[in-house]
Amino acid sequence: MSGVLVVAEHLQGKLRDVTRELVTAARELGGPVSVVVIAREPRPLAEGANLEGVDEVLAVSAGRDEFENDVYQAVLEGIVAEKSPEAVLAGFTVSSMGYAPALAAKLGTSFASDVFALAREGEALVATRAFYGSKVHAELELPTKPGTPAVVLLRPTVWAPAEGAGQAVITETTVDVGPSRARHLEFVEAPVSDVDITTADFLLSIGRGIGERENVERFARLAEKMGATLSVSRPLVDAGWMPSARQVGQSGKTVKPKVYLALGISGAVQHLAGMKSSGTIIAVNTDPEAAIFGVAQYGAVLDVFELAGELEKLY
Amino acid sequence: MRVLSCIKQVAVLGEEVEIDPGGRDVDPDYLERSLNEWDACALEEALRIVEAVGDRAENEVVAVTAGDEESEEALRRCLAMGADRAKRVELDPGSSGPSDPLTVAKALARAIEGESADLVLCGVQSSDSVQAATGTMLAELLGLARTAVVTKVSLDPAAGKAMAHRELEGGLIDVVEVDLPALLTIQTGINEPRYATLRAIKQANLKEIEVLAGPSESAGAFRVRRMFVPDKGASAELLGSDPAEVAKRVSEIITARLS
Ligand SMILES: Cc1cc2nc3c(=O)[nH]c(=O)nc-3n(C[C@H](O)[C@H](O)[C@H](O)COP(=O)(O)OP(=O)(O)OC[C@H]3O[C@@H](n4cnc5c(N)ncnc54)[C@H](O)[C@@H]3O)c2cc1C
């Protein structure tokens with residue numbers, strides 16, 4: 001048994017929350033926990049990753065401040081060869097999507113993503129994840145052996161973040177990975193807007209279930225009458241019906257209103273990522289199996305237009 | 001210029017679920033199939049890129065899938081949208097559960113090797129499996145530069161480079177310069193996929209789809225042990241089915257929670 005390697009994720013000089021969650025998951029698997037931090041000057045980030053339960057932090061100086069696929073892949077290939085971990089854990093995030101599957105393909109290891117439960121069973125890990133609109137779950141067997149670790153991307157906000165300072169050894173190395181084939185140039189912030197859905201107490205949120213562009217106006221008016229702020233799922237922003245400032249979810253805003261009324265939203269994992277900690281979630285959807293009902297406290301299997309008609313009478 | 005576009009005929013589960021007797025997948029009778037949303041955007045982007053170059057006799061879009069015969073329906077839709085050619089690599093996981101991304105990437109690689117593609121586009125993920133892995137694995141197998149979750153792309157073929165916007169959590173854009181040839185995984189919102197005309201659909205049905213044998217059996221990225229309908233546990237309290245009654249309850253809950 002040769003331990004679990006956690007890949008720290010950071011952006012613009014800050015460790016991302018998912019890193020702490022990965023540490024918790026690694027500790028639960030058991031065995032020595034190493035965290036790798038890849039940056040130009042990894043030391044400060046490495047100190048932040050020295051969390052309770054971490055045995056070693058590998059601070060790898062790789063000549064880049066920000067994430068690049070080729071850099072992460074090359075550094076991790078080197079560490080896997082040297083340390084032979086049994087499992088490599090990273091977050092199911094946009095950056096991981098760019099290197100972790102390639103690492104698994106290159107090393108010929110097992111792989112699973114968007115995993116929300118992970119257990120050890122003999123020589124294998126068993127990962128649980130969802131399929132088909134999150135309506136069913138499946139257990140996947142991931143064989144592991146030192147040198148060919150299971151590469152597993154864990155769903156963010158499932159494991160509790162590791163707290164408390166650790167007593168890890170911080171090992172600093174410099175790796176010359178050569179030029180990247182895909183190079184970070186700059187960041188562009190999402191456009192600023194005068195609506196801020198993150199501060200609203202009550203969000204009336206609409207999804208693709210409202211059907212046509214013409215119906216947006218009706219729900220916008222209903223929201224106003226009810227004293228709610230209107231928010232939306234991604235497809236309405238993709239279609240250009242609503243500005244991205246109103247989008248709830250992984251690539252939009254994370255919200256935590258007192259009440260989240262979800263109308264015609266299926267509850268895709270990237271949507272839930274942005275709203276599942278809301279105070280009270282009420283979901284209305286014609287599909288009784290919709291995943292949104294799994295996080296809602298109240299639900300109704302109903303056509304949103306029928307509900308809107310009745311709410312319009314009440315407000 | 002040649003752009004390869006990888007697409008999947010996804011399976012959509014309706015309002016009822018039944019697990020297959022083998023216990024490793026949903027009973028296919030409960031699944032409907034359609035072209036993956038992300039792949040429609042990737043194909044549209046491929047078409048726009050090639051159309052911008054001009055002369056369609058020298059520049060082409062090739063749609064590729066790994067799947068069973070039924071998945072040719074999705075390829076036909078791509079042909080109707082404007083793809084010049086279509087290829088299918090035989091892949092049928094049978095009752096062993098949803099395909100793992102490595103097996104799919106290996107199959108797709110067979111159709112793409114030898115095409116000397118300038119660009120390969122995949123969707124970020126498929127709506128039925130949400131693995132977000134096949135494209136990046138394929139890039140590795142093909143030895144291509146890659147960028148995942150792209151919401152904007154502009155090519156500079158003369159310089160052998162492309163600029164891509166990688167959309168991070170919270171909507172932050174990472175502007176990336178990628179060497180060509182490259183593989184990009186395309187995010188929805190990058191464009192609005194065109195509809196096919198009736199005439200184009202008819203023509204597409206007459207076109208030949210090249211079929212290739214699947215890769216030889218090899219270890220995939222995982223083995224599905226069991227699929228199951230999750231325990232509903234502490235799921236939502238249902239407010240009934242009468243719209244007036246539901247509206248009243250909703251309004252009461254809101255009032256109580258906001259006070
Ligand atoms: C990297 C990445 C980031 C993403 N980020 C986000 C994000 O930030 N936010 C986000 O929302 N998505 C995000 N997505 C997209 C996400 O995967 C889903 O595609 C999206 O959330 C689906 O939106 P939806 O629920 O509105 O649509 P659908 O999934 O199409 O659901 C529509 C629902 O409406 C119901 N319905 C239809 N008609 C009616 C009716 N008349 N009455 C009642 N119900 C009805 C249907 O049963 C269905 O459940 C992201 C995806 C990726 C890959």
# chains A, B, ... in the order shown; residues from 1 in each chain; ligands from 1
$ select_by_dssp --residues "range 40-273 of chain A" --states "strand (DSSP E)" --output "PyMOL selection string"
chain A and resi 56-61+87-91+111-115+117-121+124-131+136-143+150-154+169-174+182-188+202-206+229-232+259-263
$ interface_residues --of "chain A" --to "chain B" --cutoff "7 Å" --atoms "only C-alpha atoms" --output "PyMOL selection string"
chain A and resi 94+97-99+101-102+105-106+109-111+113-114+131-133+135-142+181-190+238-239+250-253+258-259+287-289+293-302+306-307+310-311
$ residues_near_ligand --ligand "ligand 1" --cutoff "7 Å" --atoms "only C-alpha atoms and all ligand atoms" --output "MDAnalysis selection string"
(chainID A and resid 94 206:211 232:235 247:253 263:271 274 284:287 290 302:305) or (chainID B and resid 124:125 149 187)
$ residues_around --residues "Arg2 in chain B" --least-positions-apart "4" --cutoff "8 Å" --atoms "only C-alpha atoms" --output "number ranges by chain"
B: 50, 59-62, 116-119
$ residues_around --residues "range 13-25 of chain A" --least-positions-apart "4" --cutoff "7 Å" --atoms "only C-alpha atoms" --output "list in words"
Val6, Ala8, Glu9, Leu29, Leu45, Leu89, Ala90, Gly91, Pro156, Trp159, Ala160, Pro161 and Ala162 of chain A
$ select_by_dssp --residues "range 29-204 of chain B" --states "helix (DSSP H, G or I)" --output "JSON, numbers by chain"
{"B": [29, 30, 37, 38, 39, 40, 41, 42, 43, 44, 45, 46, 47, 48, 49, 50, 51, 52, 53, 69, 70, 71, 72, 73, 74, 75, 76, 77, 78, 79, 80, 81, 101, 102, 103, 104, 105, 106, 107, 108, 109, 110, 111, 112, 134, 135, 136, 137, 138, 139, 140, 141, 142, 157, 158, 159, 169, 170, 171, 198, 199, 200, 201, 202, 203, 204]}
$ residues_around --residues "Val120 in chain B" --least-positions-apart "5" --cutoff "6 Å" --atoms "only C-alpha atoms" --output "JSON, numbers by chain"
{"B": [3, 4, 5, 183]}
$ write_last_selection --atoms "N, CA and C atoms" --output "mmCIF file, in the first residue's frame"
data_model
loop_
_atom_site.group_PDB
_atom_site.id
_atom_site.type_symbol
_atom_site.label_atom_id
_atom_site.label_comp_id
_atom_site.auth_asym_id
_atom_site.auth_seq_id
_atom_site.Cartn_x
_atom_site.Cartn_y
_atom_site.Cartn_z
ATOM 1 N N VAL B 3 -11.708 19.251 -40.295
ATOM 2 C CA VAL B 3 -12.103 19.251 -38.890
ATOM 3 C C VAL B 3 -12.915 17.992 -38.616
ATOM 4 N N LEU B 4 -12.495 17.245 -37.621
ATOM 5 C CA LEU B 4 -13.217 16.043 -37.215
ATOM 6 C C LEU B 4 -14.096 16.391 -36.026
ATOM 7 N N SER B 5 -15.320 15.897 -36.045
ATOM 8 C CA SER B 5 -16.240 16.218 -34.960
ATOM 9 C C SER B 5 -16.775 14.912 -34.388
ATOM 10 N N LEU B 183 -7.136 19.250 -30.100
ATOM 11 C CA LEU B 183 -8.475 18.755 -29.786
ATOM 12 C C LEU B 183 -9.070 19.676 -28.736
#
$ residues_around --residues "Ala40 in chain B" --least-positions-apart "5" --cutoff "8 Å" --atoms "only C-alpha atoms" --output "number ranges by chain"
B: 7, 35, 78, 123, 193
$ atom_distance --atom1 "CA of Pro157 in chain B" --atom2 "CA of Leu108 in chain B"
24.2 Å
$ closest_residue --among "A:Gly164, A:Thr148, A:Thr229, A:Ala127" --to "Leu107 in chain A" --atoms "only C-alpha atoms"
A:Thr148
$ closest_residue --among "B:Glu58, B:Glu45, B:Glu252, B:Glu70" --to "Cys6 in chain B" --atoms "only C-alpha atoms"
B:Glu45
$ residues_around --residues "Pro32 in chain A" --least-positions-apart "5" --cutoff "12 Å" --atoms "only C-alpha atoms" --output "PyMOL selection string"
chain A and resi 1-6+23+26-27+53-57+83-87+168-169
